[in-house]
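The structure appears below as structure tokens.
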There are 2 protein chains.
Amino acid sequence: MDALVSPPDKRVISQTFAGSTITLDGFLATFETYLVGRANYFDPAVRDLAVQALASGGKRIRPALVHACGAGNLAVSENLIKASSIVEFVHVATLVHDDVLDDASIRRDRQTVYADRGATAAILLGDALFAHALEMASEFPGNEVCRWVAAATRRTCSGEIQQSFLRGDFTLNSSHYKQIIEAKTAELFTVSCRLGVHVAGLDDATSSLACEFGRRLGLAYQIYDDLADVFGKEADFGKSLGRDLAHGKVTLPTITLFSKLSKVEASRLHEKLFNSGPEPNPEIIHEMVNLMRKHGVHNECRELLDEELSAIGNTLSEFTDDTIARRLDDLRQVIVDRMALLLS
Amino acid sequence: MDALVSPPDKRVISQTFAGSTITLDGFLATFETYLVGRANYFDPAVRDLAVQALASGGKRIRPALVHACGAGNLAVSENLIKASSIVEFVHVATLVHDDVLDDASIRRDRQTVYADRGATAAILLGDALFAHALEMASEFPGNEVCRWVAAATRRTCSGEIQQSFLRGDFTLNSSHYKQIIEAKTAELFTVSCRLGVHVAGLDDATSSLACEFGRRLGLAYQIYDDLADVFGKEADFGKSLGRDLAHGKVTLPTITLFSKLSKVEASRLHEKLFNSGPEPNPEIIHEMVNLMRKHGVHNECRELLDEELSAIGNTLSEFTDDTIARRLDDLRQVIVDRMALLLS
């Protein structure tokens with residue numbers, strides 16, 4: 001059935017990566033071509049949808065993690081591009097499903113597959129993207145890559161389910177919250193690092209350190225993303241601000257705010273949020289953001305984020321390979337910079 | 001994270017399968033325990049949902065195919081049970097998502113996860129079930145099992161997407177229809193046979209024959225299932241009769257009927273079906289079933305089904321292993337019997 005499909009740009013990749021280390025920008029440029037080229041594995045009727053979902057940009061943080069761990073001290077190979085595509089396929093699949101769940105019509109300034117082609121197409125496309133991620137994983141020798149990717153995918157979904165069950169329950173404590181984002185976000189960051197190290201053939205000690213870095217960066221990234229939903233500027237994110245709030249999602253800013261309110265205030269706000277119709281109106285969201293500013297919620301969240309970022313610093317200092325440590329530190333710096341911008 | 005989870009009933013399986021061939025009933029009884037036991041791999045918050053979806057019964061045709069191909073002439077092993085669980089996990093995941101897409105509250109006399117816990121839980125649970133199917137696949141040595149299962153899953157979803165895009169387009173010809181159900185249904189039947197043969201360590205010729213049998217049985221099964229939606233009795237199926245019709249799904253009975261109508265009749269019926277509100281009312285469905293009876297649609301569909309069943313007979317006669325051929329023939333007979341009952 002796939003007989004007519006040739007592997008995407010194999011020739012291009014081998015020309016680009018003829019044994020030399022490559023910068024992140026160069027890597028990501030080749031990665032984009034490969035990623036979208038993978039849509040050729042899909043039936044013609046589904047291919048355009050796959051391209052629409054895959055080519056919608058995004059920060060490509062997970063591929064950058066694969067690159068940092070795998071290309072630090074070795075030549076970049078097609079396998080590293082493929083490993084990056086695996087994690088990005090899983091990530092994009094979760095986004096395609098999230099858009100259905102969040103009833104989201106726009107993501108990164110483009111119409112979502114859900115808005116464009118409906119829930120049926122979006123749900124089934126997400127499934128097919130998940131499946132193709134695992135197909136790519138099965139192109140690696142042995143069964144390890146499949147096992148890691150499948151387990152990380154299961155845990156990612158599991159974290160999302162748990163978060164959805166807690167919708168509107170703002171009494172959640174921060175350690176339970178951390179447990180959820182560890183599954184929902186940090187699993188895929190971790191497996192990105194694991195795959196990079198694996199492709200580069202580095203030792204177990206480096207793998208453990210890289211995974212620990214990935215896990216903590218995932219936590220930091222999710223905390224940042226939660227804050228950006230509340231305190232960001234719409235133009236910077238290409239997604240609707242306050243959407244998490246409007247959906248009653250338990251995030252760090254909301255649970256922090258509720259921990260500061262008296263029982264009476266908390267119950268009054270909760271009622272306002274959920275008894276005003278199917279979704280809270282913009283005024284209530286606005287009031288909530290103001291309450292967060294008043295109670296210094298962003299400072300407290302920032303402290304938690306700083307904790308993670310400083311723990312990441314400790315992890316980085318343990319790497320024996322300076323190139324990997326430097327590249328990973330660059331990725332940490334991206335979050336530090338964005339955070340500074342967000343709360344400026 | 002899975003440290004507390006012990007593999008499900010490993011001890012029970014080795015006791016049951018201490019080197020002896022086993023009947024289908026015995027196999028399926030052990031399979032059910034193993035299947036549901038696999039829910040232990042999920043986080044506590046998700047486990048009950050997984051059990052609800054997995055334990056909802058069903059005909060277990062795909063596991064029966066794995067058994068027929070893998071236990072025909074060899075002792076049954078835990079691997080055969082595991083292979084059966086892989087295909088059933090994929091199948092159940094598609095059902096959980098189908099229930100969201102079809103807005104279905106009841107499946108096999110039980111409330112669906114979608115009706116019980118909402119679309120978010122159902123979509124994410126389906127994803128987690130897919131992922132765990134691949135996790136099980138990665139417990140086999142090498143990467144073949146992962147590759148086969150992931151590719152079959154992608155093609156299954158791809159077939160479903162194509163069918164959804166053609167909703168209401170009853171001018172589809174039967175060869176295009178066959179191409180769609182080959183992906184949507186026959187892929188998973190085929191991979192079930194492939195896995196059974198693989199676990200039993202049988203030769204390539206047997207694998208090809210078994211896969212061909214699986215593919216054709218999948219086609220026959222889907223044609224039967226399409227007919228059952230129109231001509232069945234509600235009590236026999238535990239799903240709403242005429243649901244496919246009501247959703248404008250292109251199925252063999254509908255495209256056959258439309259091929260028999262004049263242009264004017266066809267356009268009048270099409271308008272009635274889709275211009276009467278979001279869903280056609282029961283009278284229109286009833287009228288359509290009567291039209292099908294009048295135009296002998298069930299006989300014509302039955303001929304196509306008989307073609308498949310007779311091709312299956314040819315495939316069976318080529319098997320050198322009588323035990324496998326006999327067991328597969330039993331499964332063919334199940335469809336023959338149900339079909340006879342349906343059109344009696």
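All residue names refer to the structure tokens as shown: chains lettered A, B, ... in order, residues numbered from 1 in each chain, ligands numbered from 1 in order.
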
Would you give me, as an MDAnalysis selection string, the residues of chain A that come within 7 Å of chain B, using only C-alpha atoms? chainID A and resid 43 45:46 101 120:121 124 127:128 131:132 134:135 138 141:143 146:147 150:151 153:154 157:158 161:162

Residues of segment 53-199 of chain B classed as helix (DSSP H, G or I) by DSSP on the backbone are to be reported as a ChimeraX atom specification. /B:53-54,61-70,78-101,113-137,144-165,174-199

Atom CA of Ile180 of chain A and atom CA of Glu88 of chain A are how many Å apart? 20.7 Å

Counting only C-alpha atoms, the option among A:Ile81, A:Ala68, A:Leu28, A:Leu252 closest to Leu328 of chain A: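 Answer, going by the shortest atom-to-atom distance: A:Ala68.
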
Counting only C-alpha atoms, the option among A:Val191, A:Ile335, A:Leu304, A:Ala246 closest to Asp103 of chain A: A:Ala246

Using only C-alpha atoms, find the one residue out of B:Arg216, B:Arg327, B:His295, B:Arg268 that sits nearest to Ile22 of chain B.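 Answer, going by the shortest atom-to-atom distance: B:Arg327.
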
So that I can see what lies close to Leu261 of chain A, please list as an MDAnalysis selection string the residues with an atom at most 12 Å from it, counting only C-alpha atoms and leaving out residues fewer than 2 positions away in the same chain. chainID A and resid 170:171 254:259 263:270 288 291:292 294:295 297
